[in-house]
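Q: Let me give you the structure first, and then I'll get to my questions.
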Amino acid sequence: STRMMDSDRDDAAPLLQQLNASSKKLKVIAAVITIMVAILLVIVVALSIALARERNKPAPPEPEPTQCPLPTTIVDDSTHDFPLGQYQAWNIATDGNHNRTLDFVTEEGTWLNSDLSPNGTLVVFDLLGDLYTIPQSGGNATLLKGGVPFDTAARYSPDGRYILYTSDASGIENQWIWEISSGQTWPVTNENFHWVTDGQWHPTGTMIVATKWYTSTRSLGAGELWEYPLDLASRKVQAGTKRVDRASLTAQIGPQEPIYSRDGNSIFYSKNTAFREVWEYSQNPHAEIYSIFQFDRSTNKSMRLTGGPGGAARPSPSPSGNLLAFIRRVVYETCLIVRDLTTGLETAVNCDLGFDQQESYTPAGVYPAFDWVDETQIFIWGKQGKFMTVSVSSGAEVIIPMTVNVHLNLAPTTRSHPDILAGNSSSFQVKVIENPWRKTLRGTTTTVFTALGNTYQLAGDNTIPTRVTNQRDFVEISPSVSSDLRYLIQAVWNDTTFGSVQIVDLTSGQTFSVTTSPGRYMFPRFSHDMTSVIYSRMGGDSTSGNYYSLNPGTYQSTIEFTPENSVKVGIPNLVTENRYSYFSAENSILSPSGEYPISLIETKDGKSNTLAISKYASELKVSPDKKYVAFVEFRYVYLTTLSPTDPNQPMSVSSRPGYSPNFILKLSQSGGSKIEWDENSEFLIWSLGNTIYRFQVSDVDACQSNDTVCVFSKVSFLEIQLEAPTPVPPVPTPYVIENVTVYTMEDPNPINDAIIVILGDKISQVGSRDQVPMPPNAPVYNGQGTIVFPGFVDVHAHWDFNEIPVQQNWQYLLNLAYGITTLHNPSMDSIGIFRDAELIRNGKKLGPRLFSTGTVLYGAGGPIHVEIDNMQDAMDALTRIKVYGGWSAKSYNQPTRMARQMLLKAAQILEMDVVPEGGMNFHWNLGQIIDGHTTIEHSLPMSLYNDVITLFAASGTGYTPTLIVNYGGIFGERYWYQHTNIWEDERLMSFAPQASITGSTMRPIQAQDPDYHHFTTSRDVKSIKDKGGIVELGAHGQMHGLGFHWEILMFGQGNMSNYDVLHSATISGAQALGIDSQVGSIKAGKMADMIFYSADESPVDDLENSQKVKWVLKDGILYDAKTVNTLWPVPQTRSPLPPLNNVRLQ
């Protein structure tokens, strides 16, 4: 029934009311759902935009096994921490010994800033650090300001009476003014660590704005915009005011390229907006890297003005203030853009500009400064290395002719020509002493240490050490001695059986095992009462693998020496996750923890308490009696009392002025490391090179804090005399390699049907069969028609360094397998690299000949900062390298030119080389060439023209462009990830861990060739070599062994001939390092280092063949290149590598 009775209606009323209410609720719910859907849509759209932006961002950098910039952790602000002391008086113009001259004429220039005089008749510009003027229509340039100081970025004052410019005349870049009428100059800023560049006049002429650069733990500075009032009458420096800040106190990115609006009320500037704080390589210019902002001087607020795809940088307002010119990347060209500031309309006016630097770190600007002729024309530097005027309306350009007579004063090139064998190839003096431990008991002193992978001991003050054990299968690590001098405890390591901890009875020589399972152990110590031991269990790493690497930390086990002359060991117990631990006098556990800052933590009864902390110390150890703190800061050893001002807070220790405790002793003269306390807190021990130092704590009150002469006199030292043999081939008479074709690299013409006579590890004779008599009774090796070249020389190599001292390192083997017989590493822990160099020279480890700068001389903040305030600092810094056998030093972005020159002078005194970090700072690079640095490491990021090419070629400074990590574009290595399946390379995969290859290469980015700037750099490299310059190869350790051959191919992509590329890969590298009298070519008297190719696979015919090395000869020993097994004189299979968790691809 559909009919409803009245009673039914009455009964239904409550239901209707409920339905009504439900309907309202449903409407509300529907409305909420609608809102939620709308919100979701907004989120989806936002995510889509974000994802699109993310897609347009540059791909994250692949894992790079080695990086020149060492610090990876950001520390607190270091703005006011440096310099540490007062600078020595230094005149960069006279103290740098610029006694050579270079004169030439050029009609083009590189990276030329320009500015028009107010009357429009003259243009001021900079070229190679000198200032010139030319008529606005072009012509012969007039030298305005020359000399040694490097002057750039000149700008006329609004009234035309003065020129503002950037100069390092004070020792670091500051802003200076030159009065045109009198020729007098004076500084406007007086910074001594944070350099100031790119100044611009306010329209009133009463102030300037400039970029001040700050560094934290990374040496790439972040800009801030500062205004400085001018007192042109008194010419006194006025205090500046910060106007636009960097993103944070630790940022590596900030505002730059400032310029006032025409009314002076605002400041236009550019800024890297691709990343907020951390600057990254290989950014994507087709998305957005730089944007232009406008800062309102009245409100102190910035507004983003323009950016987007291709970015925007180097703003320049028109005379009326209505237009703004700037540069932008459009497809693959850098274009001049003009923006109407009223409508926002942007027009690409001209795309014949030089290559911008948006993909680089840009202290010299994203693009050179330019100026407006009038409202219709712009005067700007272009891609031909010439100036041009560009019509704003039509884009038509007029090239401005320019002739510059260049006159430069150059310092001699610092190149030491070291004897890499120290006159003896059969033995050498060991320079690397590790883990020193000296203890005196009842008048008897026992010294133990490790060298060449073995533990040695000395009795008394005897300097001739003896082995503690006769073990041959293990590397012995971090020994220490018991309180009664009877027992020694140490860790050992074997590449295939792994590690353990053992106790050695020094009386009987008997050995006892402390650990029951294989692992990675270091730093074992006895407790003072000899009832327990502790040791560190380490994690896995890239050279020893990851087997037995779980649960790292400090473990403690009880021990009991039984009457039966055995040792009972208890179950190990994890005490703390920190490592490198030792016992206090109370048998609590003391452990350093963290880095940047580092702290010293006491663990007792399961509870931890921080005793001391240091922002910049690299080592920190409290004495076992907890009365003193020893620490290493900025490479020097210090001692102070443990006396916190607040008993509830850890004591902060530092040597820095204003931060140091009231009482502090500087114990080391030139430096030191590996500090150790004896268990009674009576002595502090450290080492440097092959010398062990000891300070007796009872002398702590004998000297005043500032009386270093007194303190140093209280430090005793012991120089270890340890002679080590080398594996010179045991052939008493020469042996001969015949049936080969030889490219000696002394002459481009090959020697056909050649004979090579080798005696020991050197070449005795080389020549054609009819020129070289066959030595009688000499063993003969048939070269099978192979093509022979000198071994490759990699001038700029890096590799992983880990604490577990493996017996064989896959990185070394790969380099040798690809024909690289000499490696130079310009950034590596000194002890680690020189230890491995000695192990290879001693024959215990297989690999190329190793050389290094050791630890870099770092200019920025963090524990690895190296302060160079005076010549003593410079001498100390280089001495710390030389004592380990080093003969080169890496000057790494020291912020002052004064410091860079001091290091060069110290190097000349100590007969060493200085190879500076390029760092993408173009003006610093040119100054380094002028000052006579040995090489420039890494590429100059912009396209080079005749001025720089001529300077580079004539200077004698070598150029190591490392195209594999080329600046200014995508790293060159990614080109090969894109174009080759490197995981299919059998030689590579037979040595390298698979994860190090496939994880970063199987899904490469895709880019067109113009995005790879190494093509341009390689053409510039060819131009330098064609003019007689030294250019050499360095593969940066990006893909060990194989990467060097990518570098060879990239040199070839610049149209260099195959022979010249191979010349650069061999003798040129040796010339750059000053070792060409000993390696780099096949010549009588040189080291017997060669590589062999099958007759149909010569790299002279095709550079693609360069990686197809058949045999490698190093030090007169011949190896099969695919396996690195010895072929001659005694066939032998090399020892195996550690298991590296490879899952081989079939």
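Ordered as shown in the structure tokens, chains take letters A, B, and onward, while each chain numbers its residues from 1 and ligands are numbered from 1 in the order shown.
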Could you pull out the strand (DSSP E or B) residues of range 519-682 of chain A, going by DSSP on the backbone, and write them as a PyMOL selection string?

A: chain A and resi 519+521-526+532-537+541+545+553-561+567-569+573-576+582-583+589-593+598-604+607-614+617-622+628-633+636-641+651-652+664-666+673-677

Q: Mind dumping the selected residues with C-alpha atoms as a CSV table (one decimal), in the first residue's frame?

A:
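In the end it all went to selection14.csv:
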```
chain,number,residue,atom,x,y,z
A,519,GLY,CA,86.8,-8.8,13.0
A,521,TYR,CA,90.1,-4.5,15.6
A,522,MET,CA,92.3,-1.5,16.6
A,523,PHE,CA,93.6,0.3,19.6
A,524,PRO,CA,93.8,-2.4,22.2
A,525,ARG,CA,94.8,-1.4,25.7
A,526,PHE,CA,95.6,-3.1,29.1
A,532,SER,CA,91.1,-6.5,31.7
A,533,VAL,CA,91.7,-5.2,28.2
A,534,ILE,CA,89.7,-3.0,25.8
A,535,TYR,CA,89.8,-2.7,22.1
A,536,SER,CA,87.9,-1.0,19.3
A,537,ARG,CA,85.9,-3.0,16.8
A,541,ASP,CA,84.9,0.3,4.6
A,545,GLY,CA,84.9,-4.8,2.6
A,553,GLY,CA,82.5,0.2,19.4
A,554,THR,CA,84.7,-0.3,22.4
A,555,TYR,CA,84.7,-3.8,23.9
A,556,GLN,CA,86.1,-4.9,27.3
A,557,SER,CA,87.2,-8.4,28.3
A,558,THR,CA,88.7,-9.6,31.6
A,559,ILE,CA,92.1,-11.3,31.4
A,560,GLU,CA,94.0,-13.5,33.7
A,561,PHE,CA,97.6,-14.6,33.4
A,567,VAL,CA,96.0,-16.1,29.3
A,568,LYS,CA,92.3,-16.6,30.2
A,569,VAL,CA,90.1,-14.1,28.4
A,573,ASN,CA,81.3,-6.7,26.6
A,574,LEU,CA,80.3,-3.6,24.6
A,575,VAL,CA,81.2,-0.6,26.8
A,576,THR,CA,80.6,2.3,24.5
A,582,TYR,CA,91.7,4.0,26.7
A,583,PHE,CA,91.7,3.5,30.5
A,589,ILE,CA,86.8,4.2,29.9
A,590,LEU,CA,87.9,7.5,28.2
A,591,SER,CA,86.8,7.9,24.6
A,592,PRO,CA,87.0,10.7,22.0
A,593,SER,CA,83.7,11.2,20.3
A,598,ILE,CA,85.2,16.6,19.2
A,599,SER,CA,84.5,15.7,22.8
A,600,LEU,CA,86.2,13.4,25.4
A,601,ILE,CA,83.7,11.2,27.2
A,602,GLU,CA,84.2,9.1,30.3
A,603,THR,CA,82.2,5.9,30.6
A,604,LYS,CA,81.9,4.3,34.1
A,607,LYS,CA,77.0,6.0,32.6
A,608,SER,CA,78.7,8.6,30.4
A,609,ASN,CA,80.1,12.1,31.3
A,610,THR,CA,81.7,14.6,28.9
A,611,LEU,CA,84.9,15.9,30.3
A,612,ALA,CA,86.1,18.2,27.6
A,613,ILE,CA,85.1,19.5,24.2
A,614,SER,CA,86.8,21.4,21.4
A,617,ALA,CA,90.8,20.1,17.8
A,618,SER,CA,91.5,17.0,15.6
A,619,GLU,CA,92.7,15.0,18.6
A,620,LEU,CA,91.6,15.3,22.2
A,621,LYS,CA,92.8,13.2,25.2
A,622,VAL,CA,92.4,13.7,28.9
A,628,TYR,CA,95.3,17.4,32.1
A,629,VAL,CA,94.0,17.7,28.6
A,630,ALA,CA,96.2,17.2,25.6
A,631,PHE,CA,94.9,18.1,22.1
A,632,VAL,CA,96.0,18.7,18.6
A,633,GLU,CA,94.6,21.9,17.0
A,636,TYR,CA,100.1,21.6,16.8
A,637,VAL,CA,100.2,19.7,20.1
A,638,TYR,CA,98.9,21.5,23.2
A,639,LEU,CA,98.6,20.8,26.9
A,640,THR,CA,96.4,22.4,29.5
A,641,THR,CA,94.9,21.6,32.9
A,651,MET,CA,85.7,22.1,29.6
A,652,SER,CA,86.1,23.8,26.3
A,664,ILE,CA,98.2,26.4,28.0
A,665,LEU,CA,101.5,25.0,26.7
A,666,LYS,CA,102.3,24.7,23.0
A,673,SER,CA,99.8,14.0,15.9
A,674,LYS,CA,98.9,10.6,17.4
A,675,ILE,CA,99.0,11.9,21.0
A,676,GLU,CA,99.2,9.2,23.7
A,677,TRP,CA,99.4,9.3,27.5
```

Q: So which residues touch Tyr87 in chain A within 9 Å, counting only C-alpha atoms, skipping near sequence neighbours fewer than 6 positions away, as a ChimeraX atom specification?

A: /A:192,868-870

Q: So, counting only C-alpha atoms, which residue among A:Glu257, A:Asp1089, A:Asp231, A:Glu723 is closest to Phe293 in chain A?

A: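 Ranking A:Glu257, A:Asp1089, A:Asp231, A:Glu723 by distance to Phe293 in chain A, first place goes to A:Glu257.
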
Q: Tell me, in Å to one decimal, how far CA of Gly847 in chain A is from CA of Asp1115 in chain A.

A: 11.0 Å

Q: Residues of range 706-924 of chain A classed as alpha helix (DSSP H) by DSSP on the backbone are to be reported as a ChimeraX atom specification.

A: /A:708-713,810-817,830-842,871-882,897-910,922-924

Q: Which residues come within 7 Å of range 1006-1023 of chain A, counting only C-alpha atoms, excluding same-chain residues fewer than 6 positions away, as a PyMOL selection string?

A: chain A and resi 332+943-944+949+963+966+968-970+972+978+1031+1050-1051+1053-1056

Q: Show me, as a list in words, the residues that have an atom within 6 Å of Leu1118 in chain A when counting only C-alpha atoms, minus same-chain residues fewer than 3 positions from it.

A: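 That gives Val1112, Leu1113, Thr1126, Leu1127 and Trp1128 of chain A.
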
Q: Between CA of Gly783 in chain A and CA of Glu986 in chain A, measure the distance and give it in Å to one decimal.

A: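 Separating CA of Gly783 in chain A from CA of Glu986 in chain A is a distance of 24.0 Å.
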
Q: Just give me the gap between CA of Gly861 in chain A and CA of Gly918 in chain A in Å, one decimal is fine.

A: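 About the pair CA of Gly861 in chain A and CA of Gly918 in chain A: they are 17.9 Å apart.
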